[in-house]
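The data block below is coords00.txt; it holds compact mmCIF, C-alpha atoms.
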```
# COMPACT_ATOMS: atom_id res chain seq x y z
CA MET X 1080 20.70 14.52 9.04
CA THR X 1081 17.00 15.19 8.47
CA ASN X 1082 14.74 14.24 5.58
CA LEU X 1083 16.60 14.28 2.28
CA GLY X 1084 15.15 14.67 -1.16
CA PRO X 1085 11.61 15.44 -2.26
CA ALA X 1086 8.47 14.07 -0.70
CA PRO X 1087 7.20 10.89 -2.41
CA SER X 1088 4.33 12.69 -4.06
CA THR X 1089 5.14 14.47 -7.33
CA GLY X 1090 1.71 16.07 -7.55
CA SER X 1091 0.35 13.38 -9.87
CA PRO X 1092 -2.99 11.83 -8.96
CA LEU X 1093 -3.90 8.19 -9.47
CA VAL X 1094 -6.81 8.24 -11.92
CA ALA X 1095 -9.11 5.35 -12.85
CA SER X 1096 -11.59 5.89 -15.68
CA GLY X 1097 -14.44 3.59 -16.69
CA LEU X 1098 -13.01 0.41 -15.17
CA THR X 1099 -14.77 -2.86 -15.83
CA LYS X 1100 -13.63 -6.33 -14.82
CA VAL X 1101 -15.40 -9.46 -15.97
CA TYR X 1102 -14.51 -12.95 -14.80
CA GLY X 1103 -15.79 -15.86 -16.88
CA THR X 1104 -17.84 -15.75 -20.06
CA ASP X 1105 -21.43 -15.94 -21.28
CA HIS X 1106 -23.95 -17.04 -18.64
CA THR X 1107 -21.18 -17.68 -16.06
CA ALA X 1108 -19.71 -14.18 -16.33
CA THR X 1109 -19.26 -12.20 -13.12
CA HIS X 1110 -19.03 -8.42 -13.43
CA ALA X 1111 -16.72 -7.50 -10.55
CA LEU X 1112 -16.43 -3.89 -11.77
CA ALA X 1113 -19.08 -2.20 -13.90
CA GLY X 1114 -17.73 1.19 -14.95
CA VAL X 1115 -15.81 2.67 -12.00
CA SER X 1116 -14.07 6.04 -12.17
CA LEU X 1117 -12.02 7.32 -9.24
CA THR X 1118 -9.27 9.87 -8.59
CA VAL X 1119 -6.90 9.63 -5.62
CA SER X 1120 -5.07 12.90 -5.06
CA PRO X 1121 -1.50 13.17 -3.70
CA GLY X 1122 -1.43 12.81 0.08
CA GLU X 1123 -5.13 11.91 0.28
CA SER X 1124 -6.48 9.01 2.35
CA VAL X 1125 -9.37 7.15 0.73
CA ALA X 1126 -11.42 4.28 2.15
CA ILE X 1127 -13.14 1.99 -0.36
CA MET X 1128 -15.98 0.47 1.60
CA GLY X 1129 -18.59 -2.14 0.79
CA PRO X 1130 -19.88 -5.64 1.56
CA SER X 1131 -18.20 -8.81 0.34
CA GLY X 1132 -18.57 -9.13 -3.41
CA SER X 1133 -19.07 -5.41 -4.01
CA GLY X 1134 -15.88 -5.14 -6.10
CA LYS X 1135 -13.74 -3.16 -3.66
CA THR X 1136 -10.76 -5.53 -3.64
CA THR X 1137 -10.89 -5.92 -7.42
CA LEU X 1138 -10.81 -2.13 -7.70
CA LEU X 1139 -7.76 -1.95 -5.43
CA HIS X 1140 -5.98 -4.61 -7.49
CA CYS X 1141 -6.69 -2.68 -10.70
CA LEU X 1142 -5.52 0.62 -9.17
CA ALA X 1143 -2.30 -1.03 -8.02
CA GLY X 1144 -1.56 -2.73 -11.33
CA ILE X 1145 -1.90 -6.21 -9.84
CA VAL X 1146 -4.60 -7.20 -12.33
CA LYS X 1147 -5.62 -5.67 -15.64
CA PRO X 1148 -9.22 -4.49 -16.00
CA THR X 1149 -11.33 -5.80 -18.86
CA SER X 1150 -11.74 -2.22 -20.05
CA GLY X 1151 -10.97 1.30 -18.85
CA THR X 1152 -7.71 3.00 -17.86
CA VAL X 1153 -5.59 3.59 -14.77
CA SER X 1154 -3.24 6.54 -15.09
CA TRP X 1155 -0.25 7.09 -12.80
CA ARG X 1156 2.57 9.58 -13.45
CA GLY X 1157 1.92 9.74 -17.16
CA GLU X 1158 1.52 6.01 -17.76
CA ASP X 1159 -1.59 3.94 -18.35
CA LEU X 1160 -1.12 0.84 -16.22
CA THR X 1161 -3.56 -1.12 -18.37
CA THR X 1162 -1.25 -0.93 -21.40
CA LEU X 1163 1.97 -1.86 -19.63
CA SER X 1164 3.70 -5.22 -19.81
CA GLU X 1165 3.67 -7.45 -16.75
CA GLY X 1166 7.35 -6.68 -16.23
CA ARG X 1167 6.78 -2.94 -16.29
CA ARG X 1168 3.80 -3.20 -13.93
CA THR X 1169 5.91 -5.32 -11.59
CA ALA X 1170 8.64 -2.67 -11.59
CA LEU X 1171 6.10 0.09 -11.01
CA ARG X 1172 4.59 -1.73 -8.01
CA ARG X 1173 8.06 -2.19 -6.59
CA GLN X 1174 9.11 1.44 -7.12
CA ASP X 1175 5.98 3.54 -6.63
CA PHE X 1176 3.48 1.55 -4.54
CA GLY X 1177 3.48 0.09 -1.03
CA PHE X 1178 1.20 -2.69 0.21
CA VAL X 1179 -0.26 -3.74 3.56
CA PHE X 1180 -2.35 -6.92 3.53
CA GLN X 1181 -4.77 -8.36 6.06
CA SER X 1182 -2.40 -11.06 7.26
CA GLY X 1183 0.81 -9.05 6.86
CA GLN X 1184 2.36 -11.48 4.34
CA LEU X 1185 5.69 -11.42 6.17
CA LEU X 1186 8.32 -14.04 5.36
CA PRO X 1187 8.48 -16.31 8.44
CA GLU X 1188 12.17 -17.12 8.09
CA LEU X 1189 13.32 -13.48 8.09
CA PRO X 1190 13.65 -11.19 11.13
CA ALA X 1191 11.51 -8.07 11.29
CA VAL X 1192 14.23 -5.74 10.04
CA GLU X 1193 14.88 -7.84 6.91
CA ASN X 1194 11.16 -8.22 6.22
CA ALA X 1195 10.84 -4.44 6.35
CA ALA X 1196 13.98 -3.89 4.27
CA LEU X 1197 13.00 -6.37 1.56
CA PRO X 1198 11.66 -3.86 -1.01
CA LEU X 1199 14.85 -1.80 -0.82
CA MET X 1200 17.10 -4.85 -1.12
CA LEU X 1201 15.12 -6.16 -4.09
CA ALA X 1202 15.55 -2.74 -5.72
CA GLY X 1203 19.33 -2.96 -5.34
CA THR X 1204 20.06 -1.08 -2.12
CA PRO X 1205 22.99 -2.65 -0.22
CA ARG X 1206 21.81 -4.78 2.67
CA ALA X 1207 23.50 -2.67 5.34
CA GLU X 1208 21.88 0.54 4.13
CA ALA X 1209 18.49 -1.10 3.54
CA THR X 1210 18.36 -2.60 7.03
CA GLN X 1211 19.47 0.69 8.56
CA VAL X 1212 16.53 2.47 6.93
CA ALA X 1213 14.18 -0.37 7.89
CA ALA X 1214 15.37 -0.22 11.50
CA ALA X 1215 14.66 3.51 11.56
CA TRP X 1216 11.12 2.87 10.33
CA LEU X 1217 10.60 0.10 12.89
CA ALA X 1218 11.70 2.43 15.66
CA HIS X 1219 9.45 5.15 14.24
CA LEU X 1220 6.55 2.69 14.49
CA GLY X 1221 7.29 1.67 18.07
CA LEU X 1222 9.27 -1.53 17.42
CA ALA X 1223 12.75 -0.51 18.58
CA GLY X 1224 14.51 -3.52 20.05
CA MET X 1225 12.41 -6.02 18.06
CA GLU X 1226 14.42 -5.87 14.84
CA GLN X 1227 15.67 -9.47 15.10
CA ARG X 1228 12.35 -11.05 16.06
CA ARG X 1229 10.79 -13.29 13.45
CA PRO X 1230 7.07 -12.98 12.62
CA GLY X 1231 6.23 -15.93 14.88
CA GLU X 1232 7.71 -14.02 17.80
CA LEU X 1233 5.54 -10.94 17.23
CA SER X 1234 1.95 -10.19 18.17
CA GLY X 1235 -0.56 -9.55 15.41
CA GLY X 1236 -0.35 -5.80 15.92
CA GLN X 1237 3.46 -5.84 15.94
CA ALA X 1238 3.54 -7.90 12.75
CA GLN X 1239 1.27 -5.39 11.03
CA ARG X 1240 3.62 -2.58 12.08
CA VAL X 1241 6.44 -4.46 10.38
CA ALA X 1242 4.23 -4.70 7.28
CA ILE X 1243 3.61 -0.95 7.46
CA ALA X 1244 7.36 -0.31 7.68
CA ARG X 1245 7.88 -2.55 4.65
CA ALA X 1246 5.26 -0.59 2.72
CA LEU X 1247 6.94 2.74 3.48
CA VAL X 1248 10.70 2.07 3.24
CA GLY X 1249 10.77 2.82 -0.48
CA SER X 1250 8.98 6.20 -0.17
CA PRO X 1251 6.01 5.11 -2.33
CA GLY X 1252 3.59 7.52 -3.92
CA VAL X 1253 0.58 5.41 -2.90
CA VAL X 1254 0.12 2.85 -0.11
CA PHE X 1255 -2.62 0.24 -0.65
CA ALA X 1256 -4.06 -1.51 2.41
CA ASP X 1257 -6.48 -4.42 1.97
CA GLU X 1258 -8.45 -5.00 5.20
CA PRO X 1259 -5.29 -4.19 7.24
CA THR X 1260 -7.02 -4.82 10.59
CA GLY X 1261 -9.23 -7.72 9.53
CA ALA X 1262 -7.22 -10.28 11.51
CA LEU X 1263 -6.85 -8.12 14.64
CA ASP X 1264 -9.03 -7.52 17.67
CA GLN X 1265 -10.80 -4.17 17.90
CA GLY X 1266 -8.32 -2.49 20.24
CA THR X 1267 -5.24 -3.65 18.36
CA GLY X 1268 -6.89 -2.75 15.05
CA ALA X 1269 -7.52 0.82 16.19
CA GLU X 1270 -3.90 1.10 17.31
CA VAL X 1271 -2.62 -0.19 13.96
CA LEU X 1272 -4.90 2.18 12.03
CA SER X 1273 -3.59 5.14 14.01
CA VAL X 1274 -0.02 4.09 13.27
CA LEU X 1275 -0.76 3.41 9.59
CA THR X 1276 -2.56 6.68 8.85
CA ALA X 1277 -0.06 8.80 10.79
CA ALA X 1278 2.95 7.13 9.18
CA VAL X 1279 1.57 7.41 5.64
CA GLN X 1280 0.63 11.05 6.23
CA ALA X 1281 4.14 11.75 7.52
CA SER X 1282 5.65 10.10 4.43
CA GLY X 1283 3.62 12.25 2.03
CA ALA X 1284 2.07 9.26 0.24
CA ALA X 1285 -1.58 8.76 -0.62
CA LEU X 1286 -3.41 5.96 1.18
CA VAL X 1287 -6.11 3.67 -0.23
CA ILE X 1288 -7.76 1.32 2.28
CA VAL X 1289 -10.24 -1.41 1.36
CA THR X 1290 -12.62 -2.25 4.21
CA HIS X 1291 -16.13 -3.38 5.07
CA ASP X 1292 -15.95 -1.58 8.43
CA ALA X 1293 -17.23 1.98 8.87
CA GLY X 1294 -14.97 2.33 11.91
CA VAL X 1295 -11.93 1.80 9.69
CA ALA X 1296 -13.24 4.22 7.06
CA ARG X 1297 -13.45 7.00 9.65
CA TYR X 1298 -9.65 7.13 9.73
CA CYS X 1299 -9.64 8.41 6.13
CA SER X 1300 -10.46 11.85 4.77
CA ARG X 1301 -12.73 10.42 2.05
CA THR X 1302 -14.91 7.33 1.84
CA VAL X 1303 -16.14 5.76 -1.39
CA THR X 1304 -18.86 3.13 -1.03
CA MET X 1305 -19.36 0.31 -3.53
CA ARG X 1306 -22.17 -2.07 -4.39
CA ASP X 1307 -22.50 -4.51 -7.29
CA GLY X 1308 -19.28 -3.33 -8.93
CA ARG X 1309 -20.22 0.33 -8.94
CA ILE X 1310 -19.55 3.36 -6.77
CA SER X 1311 -22.75 3.91 -4.84
CA GLY X 1312 -21.76 6.90 -2.72
CA GLU X 1313 -18.96 9.19 -1.63
CA PHE X 1314 -18.42 11.57 1.24
CA HIS X 1315 -15.66 13.56 2.90
CA ALA X 1316 -15.05 13.64 6.62
CA ALA X 1317 -12.35 14.76 9.00
CA PRO X 1318 -10.07 11.80 9.84
CA ALA X 1319 -10.56 10.26 13.26
CA ARG X 1320 -6.82 10.43 13.79
CA GLN X 1321 -4.19 12.88 12.59
CA ALA X 1322 -0.44 12.48 12.46
CA SER X 1323 1.19 14.34 15.30
CA PRO X 1324 2.86 17.66 14.42
CA GLN X 1325 6.20 16.00 15.22
CA ALA X 1326 5.62 13.14 12.78
CA GLN X 1327 8.29 12.89 10.12
CA VAL X 1328 9.98 10.39 7.87
CA PRO X 1329 12.91 8.66 9.63
CA GLU X 1330 16.33 10.04 8.78
CA GLY X 1331 17.77 8.80 5.50
CA ALA X 1332 14.60 7.04 4.36
CA THR X 1333 14.05 9.28 1.34
CA ARG X 1334 17.73 9.16 0.38
CA ALA X 1335 17.76 5.36 0.39
CA ALA X 1336 14.59 5.16 -1.66
CA MET X 1337 15.97 7.60 -4.22
CA ALA X 1338 19.24 5.64 -4.41
CA ALA X 1339 17.30 2.42 -5.01
CA HIS X 1340 15.20 3.84 -7.85
CA PRO X 1341 16.24 2.53 -11.30
CA ALA X 1342 16.27 6.12 -12.60
CA ASN X 1343 19.26 6.69 -10.33
CA GLY X 1344 21.21 3.71 -11.55
CA ALA X 1345 20.19 0.90 -9.20
CA PRO X 1346 19.59 -2.52 -10.78
CA ALA X 1347 16.01 -3.65 -11.21
CA ALA X 1348 14.96 -6.63 -9.11
CA GLN X 1349 13.52 -9.71 -10.75
CA HIS X 1350 11.14 -10.74 -7.97
CA ASP X 1351 8.02 -8.85 -6.89
CA PRO X 1352 6.99 -9.42 -3.27
CA THR X 1353 3.43 -8.35 -4.08
CA GLN X 1354 2.93 -11.17 -6.57
CA GLY X 1355 1.15 -14.16 -5.17
CA ALA X 1356 0.54 -12.44 -1.86
CA ALA X 1357 -2.09 -10.12 -3.25
CA ARG X 1358 -3.66 -12.10 -6.02
```

Please express what this file holds, its structure, as structure tokens.
Amino acid sequence: MTNLGPAPSTGSPLVASGLTKVYGTDHTATHALAGVSLTVSPGESVAIMGPSGSGKTTLLHCLAGIVKPTSGTVSWRGEDLTTLSEGRRTALRRQDFGFVFQSGQLLPELPAVENAALPLMLAGTPRAEATQVAAAWLAHLGLAGMEQRRPGELSGGQAQRVAIARALVGSPGVVFADEPTGALDQGTGAEVLSVLTAAVQASGAALVIVTHDAGVARYCSRTVTMRDGRISGEFHAAPARQASPQAQVPEGATRAAMAAHPANGAPAAQHDPTQGAAR
């Protein structure tokens, strides 16, 4: 059976308007964001690039609903994330967004297949079906035969592939990657970026990567540069890597994600794997 159901993207962009984020008060206040507006279109890959302290990670956290901005709006599929309750934002992150962090944030006690299947299981998918979908993604990402290895038994590049599988099992609309190659050597980092961009493109999701490295940004179709909490530049370029024409979502992945979505009757999970890890 081939891909079932619609592609993750519904045609809705992720739109940020006039975002500000202030930490502290009075003379100790730090303006992490100072009026940022940004649109991420369906299926687009965007690199947010800038030096440390430029506001790029704060912007990603606001776009993903991890933190609320001080002012401004973030619109996704008809909802303003800034007005939602913490519970609703948690559910939205679990259902619509995928995350890849610099250090992977894998659970050390779980094998690779269960780490990758975790979002589906938390959303109510039966363990057998969730791990079957996760195993298909691991094989798709070159990890066939490593399903039962724990994170400590994987190389850095292999662990990041597991994190990529975890980000994609639920057919998200947007995948957020925060310095996904920051802990890897140059060669392994390039390999992981190729896998990440090709896999996200094959899934139909948009990709937002935060980086300070121009080499990483070249893998995206658009680069936004930041300085002092503001967007300082923007340019489009052909990605350095493209998904192969044969690239496709593993069999059953879309079906499992649709079955796990609360709109289709699955119970909502009470724990959010992005909390704590990304804050």

| field | Long-range neighbours of stretch 1137-1145 of chain X as a PyMOL selection string, 8 Å cut-off, all atoms listed in the file, 5 positions minimum in chain | value | chain X and resi 1093+1095+1100+1111-1112+1153+1160-1161+1168-1169+1172+1176+1255+1257+1287+1289+1354+1357-1358

| note | Using all atoms listed in the file, the residue out of X:Asp1307, X:Asp1175, X:Asp1159, X:Glu1188 with shortest distance to X:Gly1231 is X:Glu1188

| task | Tell me, in Å to one decimal, how far atom CA of X:Thr1162 is from atom CA of X:Ser1116. | result |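 A separation of 17.3 Å between them.
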
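For the pair atom CA of X:Arg1301 and atom CA of X:Ser1124, the separation is 6.4 Å.
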
| Selected residue of minimal separation from X:Leu1247 among X:Gln1174, X:Ser1311, X:Thr1304, X:Ser1273, counting all atoms listed in the file |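 Using all atoms listed in the file, X:Leu1247 sits closest to X:Gln1174.
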
| request: Tell me which of X:Ala1215, X:Ala1296, X:Ala1246, X:Val1179 sits closest to X:Pro1259, counting only C-alpha atoms. | output: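 Of X:Ala1215, X:Ala1296, X:Ala1246, X:Val1179, the one nearest X:Pro1259 is X:Val1179, counting only C-alpha atoms.
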
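The closest residue to X:Asp1292, picked from X:Ala1126, X:Ala1170, X:Ala1113, X:Ala1244 and counting all atoms listed in the file, is X:Ala1126.
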
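Atom CA of X:Gly1097 to atom CA of X:Val1115 spans 5.0 Å [interatomic distance, one decimal].
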
| said: Residues within 10 Å of X:Gly1294, please, as a ChimeraX atom specification. Count only C-alpha atoms; anything in the same chain fewer than 3 positions from it doesn't count. | reply: /X:1265,1269,1290-1291,1297-1299,1319

| said: Counting all atoms listed in the file, which residues have an atom no more than 12 Å from (2.7, 6.9, -2.7) in the file's coordinates? Please list them as a ChimeraX atom specification. | reply: /X:1086-1093,1119-1124,1143,1155-1156,1171-1178,1246-1256,1278-1287

| Shortest interatomic distance to X:Met1225 - which of X:Gln1239, X:Ala1191, X:Thr1136, X:Ala1316, counting all atoms listed in the file |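 Of X:Gln1239, X:Ala1191, X:Thr1136, X:Ala1316, the one nearest X:Met1225 is X:Ala1191, counting all atoms listed in the file.
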